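Q: Have a look at the structure that comes next, please.
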Amino acid sequence: MDIEKREYAYYPGCSLEGMAKEFDIATKEVFTRLGIKLSELADWSCCGATAAHYKDRLLAYALPARNLNLVGKSGKSEVAISCAACFSRLKTTTMQLEHDSKLKAEVELVLEEKYEGGVKPLHILEILMQSVGTARLQALVTKPLKSLRVVSYYGCLLVRPPEVATFDDLENPTSMDKIMECMGAVAVDWPMKTECCGASLTLSKSDWVLNLVEKLLREAKDAKAQVIAVACPLCQANLDMRQIDLQNQKRIDFKMPVLYFTQLMALAMGAQKEKLSFHRHLVEVQSTLGAYLNQ
Amino acid sequence: MARIGVFICWCGENISRTVDVVKVAEAMAGVPGVVTSVEYKYMCSDPGQKIMKESIKNDALDGVVVALCSPLMHEKTFRTAAEEAGLNPFLLEVANIREHCSWVHENKEEATKKAIAITRSTVERVRYNLQLKNITVPITARAMVVGGGIAGIQAALDIANGGHEVVLVERTPSIGGHMAGLSETFPTLDCSQCILTPRMVEVARHPKIKLYSYAEVESVSGFVGNFEVKIRKKARSVDTSSCTGCGICQEKCPQKNIASEFEEGLGKRKAIYVPFPQAVPNKPVIDRKHCLYFTKGKCKICEKVCGPKAIRYEQEDEIVEERIGAIVLATGYETLPATFFPEYGGGRYPDVITGLQFERLASASGPTSGELKRPSDGRRPETVVFLSCAGSRDLAKGISYCSKICCMYVAKHAMLYQHKVHGGKAYVFYMDVRASGKNYDEFVRRAIEQDKAIYVRGRVARVYEKEIEGVKKLVVKGADTLLGEQVEIVADMVVLASAVKPSVGAAALAQKVGTPYDQHHFYSEAHPKLRPVESNTAGIFLAGAAQAPKDIPESVADASAAASKVQILFSRKEMERDPYVSMVNSDRCFGCFSCEAVCPYRAISRKEIKNRSGEVLKVVAEVNAGLCQGCGGCIAICRAKACDLAGYTDQQIFSAIRGFNTTSTYEEEVVKK
Amino acid sequence: MSMNMNMKFEPKIMAFVCQWCTYTGADLAGTSRMQYSPYVKIIKLPCTGRIDVQFIVKAFEEGADGVIVSGCHPGDCHYTSGNYYARRRFEMFHELMSFVGVDMRRIQFAWVSAAEGRKWAELVNEVSKRVEELGPFNVFHALREQANELNP
């Protein structure tokens with residue numbers, strides 16, 4: 001297969017338009033450098049993560065189904081997704097509607113159109129590992145992140161539930177680690193790869209969330225990591241923002257930048273630091289990554 | 001006109017709760033040809049059988065239907081009773097209205113209707129039953145035991161001591177199985193090798209036992225009493241008759257860093273090796289995957305140092321044939337490898353090991369001579385965490401069953417650890433402690449009370465490595481469900497009591513032998529309570545952990561039971577077999593021999609039909625009843641309808657089909673009444 | 001054939017099963033007390049290889065609305081290969097039957113082992129439900145009556 005000519009439908013999702021804008025920018029940067037076109041779906045809508053799937057089961061399937069239909073209408077059968085939650089919703093929907101004819105009928109009633117099916121949602125990690133491959137990634141590195149110690153944080157939705165997120169090992173995922181190694185960084189093994197960061201309890205149990213985040217950050221620190229790589233906007237926001245809370249409430253300052261893995265990739269592939277919006281993060285990036293930002 | 005008797009069983013409440021047996025009897029009474037139709041509380045009881053026997057005589061029955069439990073349960077019982085009453089036993093059929101009806105339906109009207117249909121169909125079938133006679137076949141009083149672990153050893157010795165020849169086939173270079181690698185055994189803590197090796201030697205010396213080690217069953221054909229078995233003797237590259245077992249080859253072999261299977265990967269072996277010092281036979285084998293001569297084409301040091309010139313590089317696998325009367329499958333078990341558990345770091349952290357690996361660490365003959373050391377750095381583990389149920393009873397891991405032996409060996413491990421590392425801490429995470437066996441619970445209590453093992457009820461979510469004060473430790477994160485708290489234990493070593501599975505290849509062997517196995521590939525017993533060591537295939541017996549997880553005493557008991565079953569079979573010169581064999585009507589046969597092609601037993605031969613002057617008129621098929629197993633493949637393929645299967649004739653089947661649907665209005669009315 | 005329209009349609013389904021796997025599997029469903037639809041009735045045969053396609057035609061002719069054929073899983077045949085012959089035979093039979101106009105949803109070929117009591121119960125329920133939806137196989141049953149009239 002000629003990778004240069006590949007093209008995917010692209011579903012950015014709400015976060016990547018707003019607070020995770022830098023994830024969107026970095027992902028597009030990486031894919032452009034790989035020669036893969038990401039064609040953003042026209043008229044895409046919310047995937048139904050968080051609010052919808054807590055409140056209304058039908059809505060939680062109807063929203064992704066609408067977007068999946070859009071992929072089909074654009075003439076494509078695969079859709080690339082950056083956000084872990086969007087990926088989970090869309091993939092779950094394809095699987096559920098395949099064998100639940102009753103639900104499918106309800107969804108079609110709401111959508112006022114047939115659910116066509118046959119669309120495969122792919123997380124960008126999955127595309128990078130399975131279609132692009134490490135050799136091609138390595139070839140594009142111009143400014144290797146030499147000796148930068150990175151811990152990869154996968155969180156929940158990239159590996160769970162195991163029947164939905166199938167592209168990596170449920171208990172010990174390694175795809176992001178491998179990519180970080182390709183970028184020249186030191187992929188540090190650590191125990192919290194798939195532990196919950198508590199983001200979904202942000203409003204209801206904020207003290208729990210603080211504890212969970214503290215544990216995560218402490219293990220990252222103990223592993224002598226300089227930066228945490230993530231692939232989920234909610235994880236990023238939570239791990240980043242809570243460090244400020246920890247400073248204020250517990251007087252602990254981890255100073256641990258939390259970056260999207262595509263930001264690190266883009267950096268290693270030679271992208272301008274100004275382009276990658278590091279200033280949007282709360283924990284200051286310059287002091288840790290200075291050497292890499294200015295190389 | 002037929003004279004059929006129908007006897008319907010209540011089976012206490014088992015049938016009568018959902019099937020109105022009185023109505024079934026009433027409905028059958030109205031069927032043409034049925035001269036008597038009665039129901040009784042327990043047909044299988046003596047008085048129940050007597051009702052049938054007397055009716056056979058008094059009503060001059062020429063066909064009987066008993067409507068009760070599955071024919072697998074009681075067909076034999078009632079056919080024997082019928083024979084005692086003077087009726088050909090094959091004129092009796094069972095209508096299964098318990099397993100296939102009363103137990104699976106709740107609605108009484110529907111179940112009664114179905115029971116009537118089943119019984120009616122059987123009545124229609126029995127009209128066309130033929131008087132048949134059992135077939136007698138000779139028995140070869142020679143047994144094959146597959147698997148040379150403790151179960152196979154015990155079975156072989158028992159059969160041989162009973163005076164019959166035994167062929168023992170073992171896949172690895174030595175017999176002994178897992179038991180040879182165990183340190184000490186629960187609940188007595190006697191040394192495993194001390195009690196096993198005398199038995200191994202006895203096998204080697206026994207005049208009635210022929211041992212094929214480093215050999216596998218290639219194929220099995222034939223049937224009970226008359227199996228033909230091909231055995232593949234894998235090339236050892238050593239001539240065992242001239243080899244004296246001196247061991248010099250092993251000593252001089254330059255290839256020394258091969259992970260030893262016997263040491264569960266914790267120790268090393270050479271490319272030419274005897275798996276362990278007490279191996280039987282004590283003759284080496286060349287591991288061709290690692291041997292320098294076989295991989296690089298040079299070396300041959302073993303050949304040079306071998307005094308008796310016993311090295312044979314050119315040796316090839318050899319197929320030997322054996323005639324066998326009965327087969328004991330004792331292929332044993334294996335446990336899930338540590339790599340199966342990424343959440344516990346299995347395969348990534350060298351100090352996360354399996355129970356079988358711990359056995360080798362604790363064994364006096366093991367890689368550390370019985371001293372407990374961490375595989376990673378050789379340090380003495382000050383804290384060890386044992387995880388019970390690693391994989392077992394865990395649907396997420398695909399294993400629903402309890403591995404049964406782990407609770408006991410984990411307690412043993414905790415004890416052995418305490419005995420070897422004084423002041424060390426042993427934690428055991430468990431779901432339940434299942435210690436049901438003689439002196440078993442006492443043993444576990446001893447581990448807890450005397451040897452101070454700390455039992456934590458709960459499961460472990462994750463094990464990860466962490467450097468603490470310059471030493472790599474394992475952090476065990478789990479739940480203590482009694483305290484309702486999360487716990488974290490910093491340990492030096494983690495031992496997984498990983499789930500027991502049947503040996504690799506168990507299913508493939510079952511397919512060769514033609515015996516059923518379950519979804520986990522454990523061999524299926526003929527009856528879970530009453531026939532635990534027999535398979536559903538005549539002449540195939542089961543022993544040990546190949547059938548389900550078992551400990552040593554159970555495996556030995558199984559083996560002796562299987563051996564006794566074999567000897568019962570061998571106590572007769574010939575045996576009777578069901579007469580369900582194919583028959584050819586030579587008038588209709590035109591000699592296409594499609595039947596010959598589909599017969600798996602080569603039971604079809606060609607017969608010339610000649611006229612008086614000796615000219616061949618035509619060649620037709622003929623069935624050798626001794627070889628035919630009655631599968632009926634030839635009948636379905638026969639275009640001339642010249643073949644038929646005794647006991648399952650076309651006429652019987654067609655009649656049974658009709659019987660299901662000829663529910664008369666009379667019968668319908670009976671149900672509605 | 002008269003059918004009281006007020007009565008609930010109770011499909012007649014015949015199952016031709018081998019004695020080693022599926023029959024024993026159905027026994028297991030019984031000993032495990034699994035509840036399932038009562039419309040399927042079993043005819044036991046030594047092996048699916050024994051099944052003549054005429055049995056199936058006969059079953060429909062005699063009033064069946066659906067047929068199940070079930071034996072050992074591939075590789076597990078007690079007679080080593082009977083189930084393979086059966087499978088091949090039904091591949092061909094399949095075409096013939098659909099050519100003749102039989103709705104193939106009325107015939108279900110399955111593998112149910114002696115350990116699969118649950119699968120047997122599910123199979124019975126699934127086929128019962130499907131045949132119930134398809135309704136009585138009147139077209140075929142009527143053919144029989146016509147034939148009887150022609151050749152009394």
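Every chain in the structure tokens has a letter given in the order shown (A, B, ...), and although residue numbers restart at 1 in each chain, ligands are simply numbered from 1 in the order shown.
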For chain A, list the residues within 12 Å of chain B, counting only C-alpha atoms, and write the list as number ranges by chain.
A: A: 161-163, 168-174, 188-195, 219-224
Q: Quick check for you: according to DSSP on this backbone, which residues of chain C are classed as alpha helix (DSSP H)? Reply as an MDAnalysis selection string.
A: chainID C and resid 22:31 53:61 82:100 117:134 138:150
Q: Could you list, as a ChimeraX atom specification, the residues of chain C having an atom within 6 Å of chain B when counting only C-alpha atoms?
A: /C:27,30,33-36,46-47,49-52,62,76,78,115
Q: Take the residues from that selection and put them in a file with N, CA and C atoms, as a PDB file, in the first residue's frame.
A:
```
ATOM      1  N   ASP C  27     -28.956 -33.665  26.276  1.00  0.00           N
ATOM      2  CA  ASP C  27     -29.077 -34.271  27.612  1.00  0.00           C
ATOM      3  C   ASP C  27     -28.500 -33.334  28.675  1.00  0.00           C
ATOM      4  N   GLY C  30     -30.665 -30.687  29.614  1.00  0.00           N
ATOM      5  CA  GLY C  30     -31.666 -31.232  30.534  1.00  0.00           C
ATOM      6  C   GLY C  30     -31.140 -31.318  31.947  1.00  0.00           C
ATOM      7  N   ARG C  33     -31.022 -28.207  33.581  1.00  0.00           N
ATOM      8  CA  ARG C  33     -32.356 -27.594  33.735  1.00  0.00           C
ATOM      9  C   ARG C  33     -32.482 -26.266  32.990  1.00  0.00           C
ATOM     10  N   MET C  34     -31.920 -26.216  31.774  1.00  0.00           N
ATOM     11  CA  MET C  34     -32.105 -24.997  30.992  1.00  0.00           C
ATOM     12  C   MET C  34     -33.497 -25.044  30.370  1.00  0.00           C
ATOM     13  N   GLN C  35     -34.176 -23.931  30.425  1.00  0.00           N
ATOM     14  CA  GLN C  35     -35.529 -23.915  29.867  1.00  0.00           C
ATOM     15  C   GLN C  35     -35.472 -23.455  28.421  1.00  0.00           C
ATOM     16  N   TYR C  36     -36.157 -24.205  27.538  1.00  0.00           N
ATOM     17  CA  TYR C  36     -36.212 -23.737  26.148  1.00  0.00           C
ATOM     18  C   TYR C  36     -37.521 -24.113  25.477  1.00  0.00           C
ATOM     19  N   PRO C  46     -26.838 -42.352  14.677  1.00  0.00           N
ATOM     20  CA  PRO C  46     -25.461 -42.553  15.162  1.00  0.00           C
ATOM     21  C   PRO C  46     -24.561 -41.372  14.803  1.00  0.00           C
ATOM     22  N   CYS C  47     -24.804 -40.774  13.636  1.00  0.00           N
ATOM     23  CA  CYS C  47     -23.867 -39.765  13.130  1.00  0.00           C
ATOM     24  C   CYS C  47     -24.613 -38.917  12.115  1.00  0.00           C
ATOM     25  N   GLY C  49     -23.502 -38.151   9.450  1.00  0.00           N
ATOM     26  CA  GLY C  49     -23.196 -38.807   8.176  1.00  0.00           C
ATOM     27  C   GLY C  49     -24.261 -39.815   7.771  1.00  0.00           C
ATOM     28  N   ARG C  50     -25.068 -40.260   8.736  1.00  0.00           N
ATOM     29  CA  ARG C  50     -26.138 -41.214   8.453  1.00  0.00           C
ATOM     30  C   ARG C  50     -27.343 -40.517   7.823  1.00  0.00           C
ATOM     31  N   ILE C  51     -27.390 -39.203   7.917  1.00  0.00           N
ATOM     32  CA  ILE C  51     -28.608 -38.496   7.535  1.00  0.00           C
ATOM     33  C   ILE C  51     -28.755 -38.425   6.023  1.00  0.00           C
ATOM     34  N   ASP C  52     -29.792 -39.061   5.575  1.00  0.00           N
ATOM     35  CA  ASP C  52     -30.156 -39.047   4.177  1.00  0.00           C
ATOM     36  C   ASP C  52     -30.982 -37.784   3.972  1.00  0.00           C
ATOM     37  N   GLU C  62     -44.194 -34.706   6.157  1.00  0.00           N
ATOM     38  CA  GLU C  62     -45.034 -35.203   7.244  1.00  0.00           C
ATOM     39  C   GLU C  62     -45.498 -34.074   8.154  1.00  0.00           C
ATOM     40  N   ASP C  76     -14.236 -33.312  15.417  1.00  0.00           N
ATOM     41  CA  ASP C  76     -14.612 -34.053  16.629  1.00  0.00           C
ATOM     42  C   ASP C  76     -15.478 -35.273  16.351  1.00  0.00           C
ATOM     43  N   HIS C  78     -17.058 -38.666  16.068  1.00  0.00           N
ATOM     44  CA  HIS C  78     -16.731 -39.952  16.681  1.00  0.00           C
ATOM     45  C   HIS C  78     -16.260 -40.938  15.630  1.00  0.00           C
ATOM     46  N   ALA C 115     -20.634 -30.894  25.237  1.00  0.00           N
ATOM     47  CA  ALA C 115     -20.434 -29.968  26.352  1.00  0.00           C
ATOM     48  C   ALA C 115     -21.284 -28.717  26.194  1.00  0.00           C
TER      49      ALA C 115
END
```
Q: Neighbouring residues of A:Ala135 were defined as those with any atom within 12 Å, considering only C-alpha atoms; residues of the same chain fewer than 2 positions away were excluded. Please report them as a PDB file with all heavy atoms, in the first residue's frame.
A:
```pdb
ATOM      1  N   LEU A  34       3.545  13.213   7.329  1.00  0.00           N
ATOM      2  CA  LEU A  34       3.523  11.815   6.891  1.00  0.00           C
ATOM      3  C   LEU A  34       2.930  11.678   5.490  1.00  0.00           C
ATOM      4  O   LEU A  34       2.938  10.588   4.903  1.00  0.00           O
ATOM      5  CB  LEU A  34       2.681  10.976   7.861  1.00  0.00           C
ATOM      6  CG  LEU A  34       3.319  10.639   9.206  1.00  0.00           C
ATOM      7  CD1 LEU A  34       2.281  10.085  10.154  1.00  0.00           C
ATOM      8  CD2 LEU A  34       4.444   9.632   9.008  1.00  0.00           C
ATOM      9  N   LEU A 128      -1.171   5.136  13.267  1.00  0.00           N
ATOM     10  CA  LEU A 128       0.284   5.325  13.267  1.00  0.00           C
ATOM     11  C   LEU A 128       1.005   4.005  13.456  1.00  0.00           C
ATOM     12  O   LEU A 128       2.014   3.734  12.818  1.00  0.00           O
ATOM     13  CB  LEU A 128       0.689   6.314  14.365  1.00  0.00           C
ATOM     14  CG  LEU A 128       0.248   7.765  14.127  1.00  0.00           C
ATOM     15  CD1 LEU A 128       0.595   8.628  15.331  1.00  0.00           C
ATOM     16  CD2 LEU A 128       0.896   8.337  12.867  1.00  0.00           C
ATOM     17  N   MET A 129       0.488   3.155  14.340  1.00  0.00           N
ATOM     18  CA  MET A 129       1.175   1.901  14.628  1.00  0.00           C
ATOM     19  C   MET A 129       0.926   0.864  13.551  1.00  0.00           C
ATOM     20  O   MET A 129       1.822   0.125  13.166  1.00  0.00           O
ATOM     21  CB  MET A 129       0.736   1.328  15.984  1.00  0.00           C
ATOM     22  CG  MET A 129       1.310   2.050  17.176  1.00  0.00           C
ATOM     23  SD  MET A 129       3.102   2.188  17.105  1.00  0.00           S
ATOM     24  CE  MET A 129       3.605   0.511  17.429  1.00  0.00           C
ATOM     25  N   GLN A 130      -0.321   0.784  13.072  1.00  0.00           N
ATOM     26  CA  GLN A 130      -0.644  -0.353  12.213  1.00  0.00           C
ATOM     27  C   GLN A 130      -0.528  -0.053  10.722  1.00  0.00           C
ATOM     28  O   GLN A 130      -0.203  -0.943   9.945  1.00  0.00           O
ATOM     29  CB  GLN A 130      -2.028  -0.901  12.579  1.00  0.00           C
ATOM     30  CG  GLN A 130      -1.936  -1.667  13.894  1.00  0.00           C
ATOM     31  CD  GLN A 130      -3.277  -2.050  14.471  1.00  0.00           C
ATOM     32  OE1 GLN A 130      -4.313  -1.885  13.833  1.00  0.00           O
ATOM     33  NE2 GLN A 130      -3.271  -2.558  15.688  1.00  0.00           N
ATOM     34  N   SER A 131      -0.832   1.170  10.305  1.00  0.00           N
ATOM     35  CA  SER A 131      -0.742   1.448   8.873  1.00  0.00           C
ATOM     36  C   SER A 131       0.567   2.135   8.509  1.00  0.00           C
ATOM     37  O   SER A 131       1.138   1.870   7.468  1.00  0.00           O
ATOM     38  CB  SER A 131      -1.904   2.338   8.424  1.00  0.00           C
ATOM     39  OG  SER A 131      -3.114   1.739   8.772  1.00  0.00           O
ATOM     40  N   VAL A 132       1.012   3.032   9.372  1.00  0.00           N
ATOM     41  CA  VAL A 132       2.215   3.787   9.039  1.00  0.00           C
ATOM     42  C   VAL A 132       3.462   2.996   9.444  1.00  0.00           C
ATOM     43  O   VAL A 132       4.342   2.744   8.625  1.00  0.00           O
ATOM     44  CB  VAL A 132       2.206   5.169   9.732  1.00  0.00           C
ATOM     45  CG1 VAL A 132       3.481   5.930   9.406  1.00  0.00           C
ATOM     46  CG2 VAL A 132       0.985   5.965   9.290  1.00  0.00           C
ATOM     47  N   GLY A 133       3.503   2.588  10.664  1.00  0.00           N
ATOM     48  CA  GLY A 133       4.627   1.760  11.103  1.00  0.00           C
ATOM     49  C   GLY A 133       5.785   2.582  11.644  1.00  0.00           C
ATOM     50  O   GLY A 133       5.994   3.734  11.255  1.00  0.00           O
ATOM     51  N   LEU A 137       7.888   6.339  10.733  1.00  0.00           N
ATOM     52  CA  LEU A 137       7.877   7.419  11.721  1.00  0.00           C
ATOM     53  C   LEU A 137       9.311   7.851  12.025  1.00  0.00           C
ATOM     54  O   LEU A 137       9.626   9.040  12.057  1.00  0.00           O
ATOM     55  CB  LEU A 137       7.188   6.962  13.003  1.00  0.00           C
ATOM     56  CG  LEU A 137       5.682   6.690  12.900  1.00  0.00           C
ATOM     57  CD1 LEU A 137       5.138   6.210  14.235  1.00  0.00           C
ATOM     58  CD2 LEU A 137       4.934   7.945  12.454  1.00  0.00           C
ATOM     59  N   GLN A 138      10.137   6.854  12.226  1.00  0.00           N
ATOM     60  CA  GLN A 138      11.529   7.123  12.582  1.00  0.00           C
ATOM     61  C   GLN A 138      12.218   7.925  11.473  1.00  0.00           C
ATOM     62  O   GLN A 138      13.004   8.834  11.744  1.00  0.00           O
ATOM     63  CB  GLN A 138      12.257   5.798  12.764  1.00  0.00           C
ATOM     64  CG  GLN A 138      13.204   5.807  13.907  1.00  0.00           C
ATOM     65  CD  GLN A 138      13.399   4.393  14.464  1.00  0.00           C
ATOM     66  OE1 GLN A 138      12.903   3.414  13.911  1.00  0.00           O
ATOM     67  NE2 GLN A 138      14.119   4.295  15.554  1.00  0.00           N
ATOM     68  N   ALA A 139      11.873   7.588  10.237  1.00  0.00           N
ATOM     69  CA  ALA A 139      12.532   8.227   9.098  1.00  0.00           C
ATOM     70  C   ALA A 139      12.272   9.728   9.053  1.00  0.00           C
ATOM     71  O   ALA A 139      13.047  10.487   8.484  1.00  0.00           O
ATOM     72  CB  ALA A 139      12.065   7.568   7.806  1.00  0.00           C
ATOM     73  N   LEU A 140      11.157  10.171   9.646  1.00  0.00           N
ATOM     74  CA  LEU A 140      10.797  11.570   9.557  1.00  0.00           C
ATOM     75  C   LEU A 140      11.362  12.429  10.694  1.00  0.00           C
ATOM     76  O   LEU A 140      11.159  13.631  10.738  1.00  0.00           O
ATOM     77  CB  LEU A 140       9.275  11.721   9.528  1.00  0.00           C
ATOM     78  CG  LEU A 140       8.621  11.334   8.194  1.00  0.00           C
ATOM     79  CD1 LEU A 140       7.116  11.399   8.304  1.00  0.00           C
ATOM     80  CD2 LEU A 140       9.106  12.232   7.070  1.00  0.00           C
ATOM     81  N   VAL A 141      12.031  11.751  11.633  1.00  0.00           N
ATOM     82  CA  VAL A 141      12.538  12.503  12.788  1.00  0.00           C
ATOM     83  C   VAL A 141      13.782  13.299  12.391  1.00  0.00           C
ATOM     84  O   VAL A 141      14.740  12.745  11.867  1.00  0.00           O
ATOM     85  CB  VAL A 141      12.869  11.540  13.950  1.00  0.00           C
ATOM     86  CG1 VAL A 141      13.534  12.275  15.089  1.00  0.00           C
ATOM     87  CG2 VAL A 141      11.590  10.860  14.431  1.00  0.00           C
ATOM     88  N   LYS A 178       6.123   3.028  22.098  1.00  0.00           N
ATOM     89  CA  LYS A 178       6.931   2.716  20.915  1.00  0.00           C
ATOM     90  C   LYS A 178       7.120   3.959  20.060  1.00  0.00           C
ATOM     91  O   LYS A 178       8.197   4.198  19.520  1.00  0.00           O
ATOM     92  CB  LYS A 178       6.275   1.599  20.109  1.00  0.00           C
ATOM     93  CG  LYS A 178       6.491   0.236  20.756  1.00  0.00           C
ATOM     94  CD  LYS A 178       5.806  -0.870  19.976  1.00  0.00           C
ATOM     95  CE  LYS A 178       5.876  -2.175  20.764  1.00  0.00           C
ATOM     96  NZ  LYS A 178       4.669  -2.983  20.544  1.00  0.00           N
ATOM     97  N   ILE A 179       6.044   4.745  19.925  1.00  0.00           N
ATOM     98  CA  ILE A 179       6.147   5.962  19.114  1.00  0.00           C
ATOM     99  C   ILE A 179       7.150   6.930  19.753  1.00  0.00           C
ATOM    100  O   ILE A 179       7.987   7.530  19.075  1.00  0.00           O
ATOM    101  CB  ILE A 179       4.763   6.610  18.946  1.00  0.00           C
ATOM    102  CG1 ILE A 179       3.904   5.737  18.035  1.00  0.00           C
ATOM    103  CG2 ILE A 179       4.883   8.024  18.380  1.00  0.00           C
ATOM    104  CD1 ILE A 179       2.478   6.191  17.877  1.00  0.00           C
ATOM    105  N   GLU A 181       9.672   6.169  21.524  1.00  0.00           N
ATOM    106  CA  GLU A 181      11.016   5.657  21.254  1.00  0.00           C
ATOM    107  C   GLU A 181      11.466   6.031  19.852  1.00  0.00           C
ATOM    108  O   GLU A 181      12.620   6.414  19.629  1.00  0.00           O
ATOM    109  CB  GLU A 181      11.061   4.134  21.433  1.00  0.00           C
ATOM    110  CG  GLU A 181      11.441   3.740  22.838  1.00  0.00           C
ATOM    111  CD  GLU A 181      11.211   2.270  23.127  1.00  0.00           C
ATOM    112  OE1 GLU A 181      11.050   1.481  22.180  1.00  0.00           O
ATOM    113  OE2 GLU A 181      11.176   1.925  24.325  1.00  0.00           O
ATOM    114  N   CYS A 182      10.531   5.931  18.903  1.00  0.00           N
ATOM    115  CA  CYS A 182      10.852   6.327  17.520  1.00  0.00           C
ATOM    116  C   CYS A 182      11.278   7.793  17.470  1.00  0.00           C
ATOM    117  O   CYS A 182      12.072   8.190  16.620  1.00  0.00           O
ATOM    118  CB  CYS A 182       9.641   6.163  16.615  1.00  0.00           C
ATOM    119  SG  CYS A 182       9.263   4.472  16.263  1.00  0.00           S
ATOM    120  N   MET A 183      10.702   8.592  18.348  1.00  0.00           N
ATOM    121  CA  MET A 183      11.008  10.023  18.338  1.00  0.00           C
ATOM    122  C   MET A 183      12.337  10.300  19.034  1.00  0.00           C
ATOM    123  O   MET A 183      12.726  11.454  19.213  1.00  0.00           O
ATOM    124  CB  MET A 183       9.888  10.818  19.024  1.00  0.00           C
ATOM    125  CG  MET A 183       8.527  10.705  18.356  1.00  0.00           C
ATOM    126  SD  MET A 183       8.550  11.236  16.639  1.00  0.00           S
ATOM    127  CE  MET A 183       8.138   9.731  15.792  1.00  0.00           C
TER     128      MET A 183
END
```
Q: Between atom CA of B:Arg446 and atom CA of B:Val428, what is the spacing in Å?
A: 13.9 Å
Q: Might you pull out every residue within 9 Å of stretch 38-48 of chain B, with only C-alpha atoms counted and same-chain residues fewer than 2 positions away left off, and present them as an MDAnalysis selection string?
A: chainID B and resid 5:13 16 21:22 24:26 28:29 36 50:53 66 68 74 77:78
Q: To one decimal place in Å, what is the distance between atom CA of B:Gln154 and atom CA of B:Val556?
A: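 About the pair atom CA of B:Gln154 and atom CA of B:Val556: they are 6.2 Å apart.
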Q: Could you please determine the separation between atom CA of C:Phe55 and atom CA of C:Phe16 in Å, to one decimal place?
A: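 Taking atom CA of C:Phe55 as the start and atom CA of C:Phe16 as the end point, the length is 8.5 Å.
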Q: If we count only C-alpha atoms, what is near stretch 94-102 of chain C at a cut-off of 12 Å, once residues fewer than 4 positions away on the same chain are taken out, given as a list in words?
A: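 The neighbour list is Val53, Gln54, Ile56, Val57, Phe60, Glu61, Asp65, Gly66, Val67, Ala86, Arg87, Arg88, Arg89, Phe90, Arg106, Ile107, Gln108, Phe109, Leu134, Phe137, Asn138, Val139, Phe140, His141 and Leu143 of chain C.
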Q: Excluding B:Ala60 and any residue of its chain fewer than 5 positions from it, enumerate the residues within 10 Å of it, using only C-alpha atoms, and give them as a list in words.
A: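 So the residues in contact are Arg3, Ile4, Gly5, Val35, Glu54, Ser55, Gly86 and Leu87 of chain B.
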Q: With N, CA, C and O atoms retained, export the selected residues as a compact mmCIF listing (two decimals), in the first residue's frame.
A:
```
# COMPACT_ATOMS: atom_id res chain seq x y z
N ARG B 3 -47.72 -55.96 18.72
CA ARG B 3 -48.18 -55.98 20.12
C ARG B 3 -47.12 -55.22 20.94
O ARG B 3 -46.10 -55.76 21.33
N ILE B 4 -47.43 -53.94 21.10
CA ILE B 4 -46.45 -53.07 21.74
C ILE B 4 -46.90 -52.68 23.15
O ILE B 4 -48.08 -52.41 23.38
N GLY B 5 -45.94 -52.68 24.06
CA GLY B 5 -46.22 -52.21 25.41
C GLY B 5 -45.51 -50.88 25.66
O GLY B 5 -44.37 -50.71 25.24
N VAL B 35 -50.86 -52.60 23.07
CA VAL B 35 -51.78 -53.45 23.81
C VAL B 35 -51.77 -53.12 25.29
O VAL B 35 -52.71 -53.44 26.01
N GLU B 54 -43.37 -58.73 33.40
CA GLU B 54 -44.58 -59.57 33.43
C GLU B 54 -45.46 -59.29 32.24
O GLU B 54 -46.05 -60.19 31.65
N SER B 55 -45.52 -57.98 31.88
CA SER B 55 -46.34 -57.63 30.74
C SER B 55 -45.79 -58.24 29.45
O SER B 55 -46.55 -58.66 28.58
N GLY B 86 -37.53 -62.67 28.07
CA GLY B 86 -37.66 -63.46 26.86
C GLY B 86 -37.84 -62.65 25.58
O GLY B 86 -38.14 -63.20 24.53
N LEU B 87 -37.67 -61.34 25.66
CA LEU B 87 -37.83 -60.51 24.47
C LEU B 87 -36.44 -60.14 23.94
O LEU B 87 -35.54 -59.84 24.72
```
Q: Excluding A:Ser82 and residues on its chain fewer than 2 positions from it, collect all residues at most 12 Å away from it, counting only C-alpha atoms, and give them as JSON, numbers by chain.
A: {"A": [9, 10, 11, 12, 13, 14, 15, 16, 17, 20, 21, 22, 23, 24, 25, 26, 27, 28, 31, 38, 40, 79, 80, 84, 85, 86, 87, 88, 90, 121, 122, 123, 124, 125, 126, 127, 128, 157, 158, 230, 231, 232, 233, 234, 260, 261, 262]}
